[in-house]
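Comments concern the structure below.
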Amino acid sequence: MSSGEEREGVSLTNLDQPLFAEADATKRDLVDYLDAVSGCFIAELRDRPLSVIRVLRGQAPFMQKNVPEYTPPWVQTVQLWAEASRREVSYPLCNDRRTLLWLANQRAVEYHPMLVRAGRWDQPTYLVLDIDPPSADAFPQAVRAAWLVRQALADVGLAGAVKTSGAKGMHVFVPIGASATSDEAAAATRAIAARAERLDPGLATTAFIRDDRGGKVFLDSTRAGGATVVAVCSPRVRPGVPVSFPVAWDDLDRIEPADFTVHTAARLIADSDPWAGQLPEPQPLRSDLIEEGRAIPVARVQAMHEGKRRARARRGAAG
């Protein structure tokens, strides 16, 4: 079998090389999988500034936001100012099969789009609750926490769809209307997480500092605004190359994250788009929910201040 070929005018190279250590998959497996799911995958990536995690031979995985200089001119991009690095970053937009195949040939394994579309920077399309269990073998706890989130959403008239993260946890996506700003979406997400925590504080926590979680499932409400979340159907750089996969609520108790990999997931999708079928229509956010969330401190900021306070306390104790 040849290790190179061409699709959509994209030269695919070194297809028979292992993807990475413990992948149990080749670069060809990655390309074939992404090509097979390209229809529903591109529908989710379209017009969203995209960060990818690439795995080059002999190197550690790395996240790439800025497209390389050799990027073909037909790859659409959008420029954004990055405050952290004080420079313009040129993000790719994966809007067609040709671009996806080119990214796959670059050994881009993971795909992390923003929650906003290019040109609509203050109109997030989703609320996202990232459900993070304390360990890889605690997925049943993550499932229970997902049900808490679903109940908290229902209590305020909202509905969402759920997918595996492709790692150890889950993501609940709540489509929202175009009238909600990034600030409002972030506040509503904090409120939902706090409500879910109150439903079963023995199971779930919103504590951002890991040492404060006490072995509970972390309900991460920080995926908001310009944040990225791994896309549905995206592979992950993990043993066996699992993928983030949509799951019907009624099937949550019958699945494991390892059920969905680059070897198995494409067959489960076939010609359908299960994610689009499970997502509810965009929903408005209640003003009282937004106000409730605005009274909750932003987790990252709160954790930063708490970390500084604890450091001062340790220095004081040592002195």
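Identifiers in this document derive from the order of the structure tokens: chains are assigned A, B, ..., residues are numbered from 1 separately in each chain, and ligands are numbered from 1 in order of occurrence.
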
Segment 43-57 of chain A surroundings by only C-alpha atoms, 10 Å radius, close-in-sequence under 4 positions cut, as a PyMOL selection string = chain A and resi 17-21+38-39+61-67+76-80+90-96+100+103-104+106-120+226+228-233+235-237+273+275-276

task = Would you mind reading off the distance between atom CA of Asp122 of chain A and atom CA of Gln283 of chain A, one decimal, in Å?
result =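 Computing the Euclidean distance for atom CA of Asp122 of chain A and atom CA of Gln283 of chain A yields 16.3 Å.
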
task = May I have the residues within 12 Å of Ser221 of chain A as a ChimeraX atom specification, using only C-alpha atoms and disregarding those fewer than 2 positions away in the same chain?
result = /A:127-132,149,171-173,185-197,205-208,218-219,223-225,227,229,293,296-300

ask   = How would you write, as a VMD selection string, the set of residues in segment 112-310 of chain A that DSSP gives as helix (DSSP H, G or I)?
value = chain A and resid 139 to 155 182 to 199 210 to 212 249 to 254 257 to 259 265 to 269 274 to 278 287 to 294 299 to 310

Please run DSSP on the backbone and report, as a PDB file with N, CA and C atoms, in the first residue's frame, all residues within segment 18-255 of chain A that come out as strand (DSSP E).
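The result, written out as selection_7.pdb:
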ATOM      1  N   LEU A  50     -10.067  28.502  14.817  1.00  0.00           N
ATOM      2  CA  LEU A  50      -9.745  27.132  15.208  1.00  0.00           C
ATOM      3  C   LEU A  50      -8.320  27.013  15.732  1.00  0.00           C
ATOM      4  N   SER A  51      -8.186  26.375  16.877  1.00  0.00           N
ATOM      5  CA  SER A  51      -6.880  25.951  17.380  1.00  0.00           C
ATOM      6  C   SER A  51      -6.804  24.433  17.230  1.00  0.00           C
ATOM      7  N   VAL A  52      -5.637  23.931  16.868  1.00  0.00           N
ATOM      8  CA  VAL A  52      -5.474  22.489  16.706  1.00  0.00           C
ATOM      9  C   VAL A  52      -4.305  22.008  17.551  1.00  0.00           C
ATOM     10  N   ILE A  53      -4.360  20.748  17.927  1.00  0.00           N
ATOM     11  CA  ILE A  53      -3.211  20.113  18.581  1.00  0.00           C
ATOM     12  C   ILE A  53      -2.593  19.151  17.575  1.00  0.00           C
ATOM     13  N   ARG A  54      -1.336  19.438  17.240  1.00  0.00           N
ATOM     14  CA  ARG A  54      -0.606  18.636  16.269  1.00  0.00           C
ATOM     15  C   ARG A  54       0.397  17.729  16.989  1.00  0.00           C
ATOM     16  N   PHE A  62       1.603  19.728  20.534  1.00  0.00           N
ATOM     17  CA  PHE A  62       1.578  21.162  20.803  1.00  0.00           C
ATOM     18  C   PHE A  62       0.334  21.765  20.183  1.00  0.00           C
ATOM     19  N   MET A  63      -0.182  22.816  20.842  1.00  0.00           N
ATOM     20  CA  MET A  63      -1.350  23.521  20.313  1.00  0.00           C
ATOM     21  C   MET A  63      -0.897  24.616  19.368  1.00  0.00           C
ATOM     22  N   GLN A  64      -1.532  24.674  18.208  1.00  0.00           N
ATOM     23  CA  GLN A  64      -1.214  25.693  17.217  1.00  0.00           C
ATOM     24  C   GLN A  64      -2.447  26.537  16.940  1.00  0.00           C
ATOM     25  N   THR A  77      -8.690  32.246   6.675  1.00  0.00           N
ATOM     26  CA  THR A  77      -8.172  32.603   7.994  1.00  0.00           C
ATOM     27  C   THR A  77      -8.885  33.855   8.498  1.00  0.00           C
ATOM     28  N   VAL A  78      -8.743  34.092   9.802  1.00  0.00           N
ATOM     29  CA  VAL A  78      -9.267  35.312  10.399  1.00  0.00           C
ATOM     30  C   VAL A  78      -8.228  35.802  11.419  1.00  0.00           C
ATOM     31  N   GLN A  79      -8.026  37.117  11.442  1.00  0.00           N
ATOM     32  CA  GLN A  79      -7.001  37.692  12.322  1.00  0.00           C
ATOM     33  C   GLN A  79      -7.633  38.191  13.626  1.00  0.00           C
ATOM     34  N   LEU A  80      -6.987  37.833  14.724  1.00  0.00           N
ATOM     35  CA  LEU A  80      -7.441  38.279  16.039  1.00  0.00           C
ATOM     36  C   LEU A  80      -6.236  38.751  16.846  1.00  0.00           C
ATOM     37  N   TRP A  81      -6.436  39.809  17.618  1.00  0.00           N
ATOM     38  CA  TRP A  81      -5.374  40.297  18.496  1.00  0.00           C
ATOM     39  C   TRP A  81      -5.319  39.428  19.737  1.00  0.00           C
ATOM     40  N   ALA A  82      -4.128  38.905  20.035  1.00  0.00           N
ATOM     41  CA  ALA A  82      -3.925  38.079  21.232  1.00  0.00           C
ATOM     42  C   ALA A  82      -3.251  38.934  22.301  1.00  0.00           C
ATOM     43  N   ARG A  87       0.182  40.192  19.931  1.00  0.00           N
ATOM     44  CA  ARG A  87       0.390  40.102  18.490  1.00  0.00           C
ATOM     45  C   ARG A  87      -0.904  39.668  17.812  1.00  0.00           C
ATOM     46  N   GLU A  88      -0.953  39.865  16.499  1.00  0.00           N
ATOM     47  CA  GLU A  88      -2.073  39.376  15.697  1.00  0.00           C
ATOM     48  C   GLU A  88      -1.886  37.878  15.450  1.00  0.00           C
ATOM     49  N   VAL A  89      -2.931  37.125  15.677  1.00  0.00           N
ATOM     50  CA  VAL A  89      -2.893  35.690  15.409  1.00  0.00           C
ATOM     51  C   VAL A  89      -3.828  35.401  14.238  1.00  0.00           C
ATOM     52  N   SER A  90      -3.320  34.638  13.286  1.00  0.00           N
ATOM     53  CA  SER A  90      -4.101  34.267  12.111  1.00  0.00           C
ATOM     54  C   SER A  90      -4.630  32.848  12.304  1.00  0.00           C
ATOM     55  N   TYR A  91      -5.904  32.765  12.672  1.00  0.00           N
ATOM     56  CA  TYR A  91      -6.529  31.467  12.924  1.00  0.00           C
ATOM     57  C   TYR A  91      -7.086  30.881  11.623  1.00  0.00           C
ATOM     58  N   PRO A  92      -6.982  29.563  11.435  1.00  0.00           N
ATOM     59  CA  PRO A  92      -7.649  28.958  10.287  1.00  0.00           C
ATOM     60  C   PRO A  92      -9.154  28.826  10.540  1.00  0.00           C
ATOM     61  N   ALA A 108      -2.749  17.345  12.456  1.00  0.00           N
ATOM     62  CA  ALA A 108      -3.619  18.006  13.435  1.00  0.00           C
ATOM     63  C   ALA A 108      -4.618  16.962  13.921  1.00  0.00           C
ATOM     64  N   VAL A 109      -4.453  16.549  15.168  1.00  0.00           N
ATOM     65  CA  VAL A 109      -5.290  15.469  15.719  1.00  0.00           C
ATOM     66  C   VAL A 109      -6.509  16.045  16.419  1.00  0.00           C
ATOM     67  N   GLU A 110      -6.314  17.078  17.241  1.00  0.00           N
ATOM     68  CA  GLU A 110      -7.432  17.657  18.007  1.00  0.00           C
ATOM     69  C   GLU A 110      -7.855  18.998  17.403  1.00  0.00           C
ATOM     70  N   TYR A 111      -9.175  19.275  17.475  1.00  0.00           N
ATOM     71  CA  TYR A 111      -9.759  20.480  16.891  1.00  0.00           C
ATOM     72  C   TYR A 111     -10.565  21.219  17.954  1.00  0.00           C
ATOM     73  N   HIS A 112     -10.113  22.430  18.278  1.00  0.00           N
ATOM     74  CA  HIS A 112     -10.698  23.218  19.359  1.00  0.00           C
ATOM     75  C   HIS A 112     -11.221  24.548  18.806  1.00  0.00           C
ATOM     76  N   PRO A 113     -12.464  24.587  18.339  1.00  0.00           N
ATOM     77  CA  PRO A 113     -13.021  25.843  17.821  1.00  0.00           C
ATOM     78  C   PRO A 113     -13.494  26.752  18.947  1.00  0.00           C
ATOM     79  N   TYR A 126     -23.221  28.921  22.178  1.00  0.00           N
ATOM     80  CA  TYR A 126     -23.523  27.886  23.176  1.00  0.00           C
ATOM     81  C   TYR A 126     -23.162  28.361  24.585  1.00  0.00           C
ATOM     82  N   LEU A 127     -23.883  27.826  25.566  1.00  0.00           N
ATOM     83  CA  LEU A 127     -23.353  27.687  26.917  1.00  0.00           C
ATOM     84  C   LEU A 127     -22.728  26.292  26.972  1.00  0.00           C
ATOM     85  N   VAL A 128     -21.597  26.165  27.657  1.00  0.00           N
ATOM     86  CA  VAL A 128     -20.953  24.861  27.787  1.00  0.00           C
ATOM     87  C   VAL A 128     -20.630  24.590  29.241  1.00  0.00           C
ATOM     88  N   LEU A 129     -21.078  23.446  29.722  1.00  0.00           N
ATOM     89  CA  LEU A 129     -20.683  22.955  31.039  1.00  0.00           C
ATOM     90  C   LEU A 129     -19.728  21.793  30.818  1.00  0.00           C
ATOM     91  N   ASP A 130     -18.512  21.956  31.300  1.00  0.00           N
ATOM     92  CA  ASP A 130     -17.465  20.941  31.159  1.00  0.00           C
ATOM     93  C   ASP A 130     -17.473  20.105  32.437  1.00  0.00           C
ATOM     94  N   ILE A 131     -17.803  18.837  32.303  1.00  0.00           N
ATOM     95  CA  ILE A 131     -17.959  17.952  33.465  1.00  0.00           C
ATOM     96  C   ILE A 131     -16.708  17.098  33.592  1.00  0.00           C
ATOM     97  N   ASP A 132     -15.942  17.353  34.644  1.00  0.00           N
ATOM     98  CA  ASP A 132     -14.610  16.787  34.800  1.00  0.00           C
ATOM     99  C   ASP A 132     -14.555  15.900  36.044  1.00  0.00           C
ATOM    100  N   ALA A 161     -27.596  19.314  24.844  1.00  0.00           N
ATOM    101  CA  ALA A 161     -27.161  18.017  24.324  1.00  0.00           C
ATOM    102  C   ALA A 161     -25.836  17.668  24.995  1.00  0.00           C
ATOM    103  N   VAL A 162     -25.541  16.375  25.042  1.00  0.00           N
ATOM    104  CA  VAL A 162     -24.357  15.932  25.765  1.00  0.00           C
ATOM    105  C   VAL A 162     -23.460  15.116  24.841  1.00  0.00           C
ATOM    106  N   LYS A 163     -22.145  15.251  25.059  1.00  0.00           N
ATOM    107  CA  LYS A 163     -21.170  14.461  24.317  1.00  0.00           C
ATOM    108  C   LYS A 163     -20.040  14.064  25.256  1.00  0.00           C
ATOM    109  N   THR A 164     -19.373  12.975  24.930  1.00  0.00           N
ATOM    110  CA  THR A 164     -18.156  12.663  25.672  1.00  0.00           C
ATOM    111  C   THR A 164     -17.098  13.692  25.278  1.00  0.00           C
ATOM    112  N   MET A 170     -17.273  14.812  30.211  1.00  0.00           N
ATOM    113  CA  MET A 170     -18.369  15.077  29.288  1.00  0.00           C
ATOM    114  C   MET A 170     -18.548  16.583  29.120  1.00  0.00           C
ATOM    115  N   HIS A 171     -19.238  16.963  28.047  1.00  0.00           N
ATOM    116  CA  HIS A 171     -19.615  18.353  27.807  1.00  0.00           C
ATOM    117  C   HIS A 171     -21.117  18.414  27.564  1.00  0.00           C
ATOM    118  N   VAL A 172     -21.765  19.372  28.214  1.00  0.00           N
ATOM    119  CA  VAL A 172     -23.168  19.663  27.921  1.00  0.00           C
ATOM    120  C   VAL A 172     -23.204  20.991  27.175  1.00  0.00           C
ATOM    121  N   PHE A 173     -23.768  20.976  25.970  1.00  0.00           N
ATOM    122  CA  PHE A 173     -23.874  22.156  25.116  1.00  0.00           C
ATOM    123  C   PHE A 173     -25.317  22.638  25.101  1.00  0.00           C
ATOM    124  N   VAL A 174     -25.501  23.934  25.312  1.00  0.00           N
ATOM    125  CA  VAL A 174     -26.825  24.545  25.332  1.00  0.00           C
ATOM    126  C   VAL A 174     -26.861  25.627  24.257  1.00  0.00           C
ATOM    127  N   PRO A 175     -27.511  25.396  23.113  1.00  0.00           N
ATOM    128  CA  PRO A 175     -27.578  26.435  22.083  1.00  0.00           C
ATOM    129  C   PRO A 175     -28.366  27.646  22.589  1.00  0.00           C
ATOM    130  N   ALA A 204     -20.980  16.836  43.216  1.00  0.00           N
ATOM    131  CA  ALA A 204     -20.446  17.836  42.285  1.00  0.00           C
ATOM    132  C   ALA A 204     -19.942  19.067  43.023  1.00  0.00           C
ATOM    133  N   THR A 205     -18.970  19.743  42.395  1.00  0.00           N
ATOM    134  CA  THR A 205     -18.411  20.953  42.975  1.00  0.00           C
ATOM    135  C   THR A 205     -18.057  21.947  41.879  1.00  0.00           C
ATOM    136  N   VAL A 217     -16.855  15.602  41.336  1.00  0.00           N
ATOM    137  CA  VAL A 217     -16.856  15.957  39.925  1.00  0.00           C
ATOM    138  C   VAL A 217     -16.852  17.479  39.808  1.00  0.00           C
ATOM    139  N   PHE A 218     -15.923  18.002  39.018  1.00  0.00           N
ATOM    140  CA  PHE A 218     -15.805  19.451  38.839  1.00  0.00           C
ATOM    141  C   PHE A 218     -16.721  19.907  37.715  1.00  0.00           C
ATOM    142  N   LEU A 219     -17.605  20.856  38.023  1.00  0.00           N
ATOM    143  CA  LEU A 219     -18.465  21.483  37.021  1.00  0.00           C
ATOM    144  C   LEU A 219     -17.786  22.782  36.595  1.00  0.00           C
ATOM    145  N   ASP A 220     -17.113  22.734  35.460  1.00  0.00           N
ATOM    146  CA  ASP A 220     -16.308  23.855  34.988  1.00  0.00           C
ATOM    147  C   ASP A 220     -17.191  24.788  34.164  1.00  0.00           C
ATOM    148  N   PRO A 246     -21.189  12.514  20.346  1.00  0.00           N
ATOM    149  CA  PRO A 246     -22.519  12.821  20.867  1.00  0.00           C
ATOM    150  C   PRO A 246     -23.222  11.572  21.374  1.00  0.00           C
ATOM    151  N   VAL A 247     -23.901  11.729  22.495  1.00  0.00           N
ATOM    152  CA  VAL A 247     -24.607  10.603  23.105  1.00  0.00           C
ATOM    153  C   VAL A 247     -26.022  11.054  23.463  1.00  0.00           C
TER     154      VAL A 247
END

message = Between A:Val31, A:Val156, A:Ile255, A:Ala248, which residue has the minimum interatomic distance to Gly277 of chain A, considering only C-alpha atoms?
response = A:Ala248

key: Option closest in space to Gly157 of chain A, from A:Arg286, A:Ala178, A:Pro242, A:Gly215 [counting only C-alpha atoms]   =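 Among A:Arg286, A:Ala178, A:Pro242, A:Gly215, it is A:Arg286 that comes nearest to Gly157 of chain A.
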
Polymer residues at most 10 Å from Ser11 of chain A, only C-alpha atoms, same-chain spacing of 6 or more positions, as a VMD selection string = chain A and resid 4 to 5 101 to 102 105
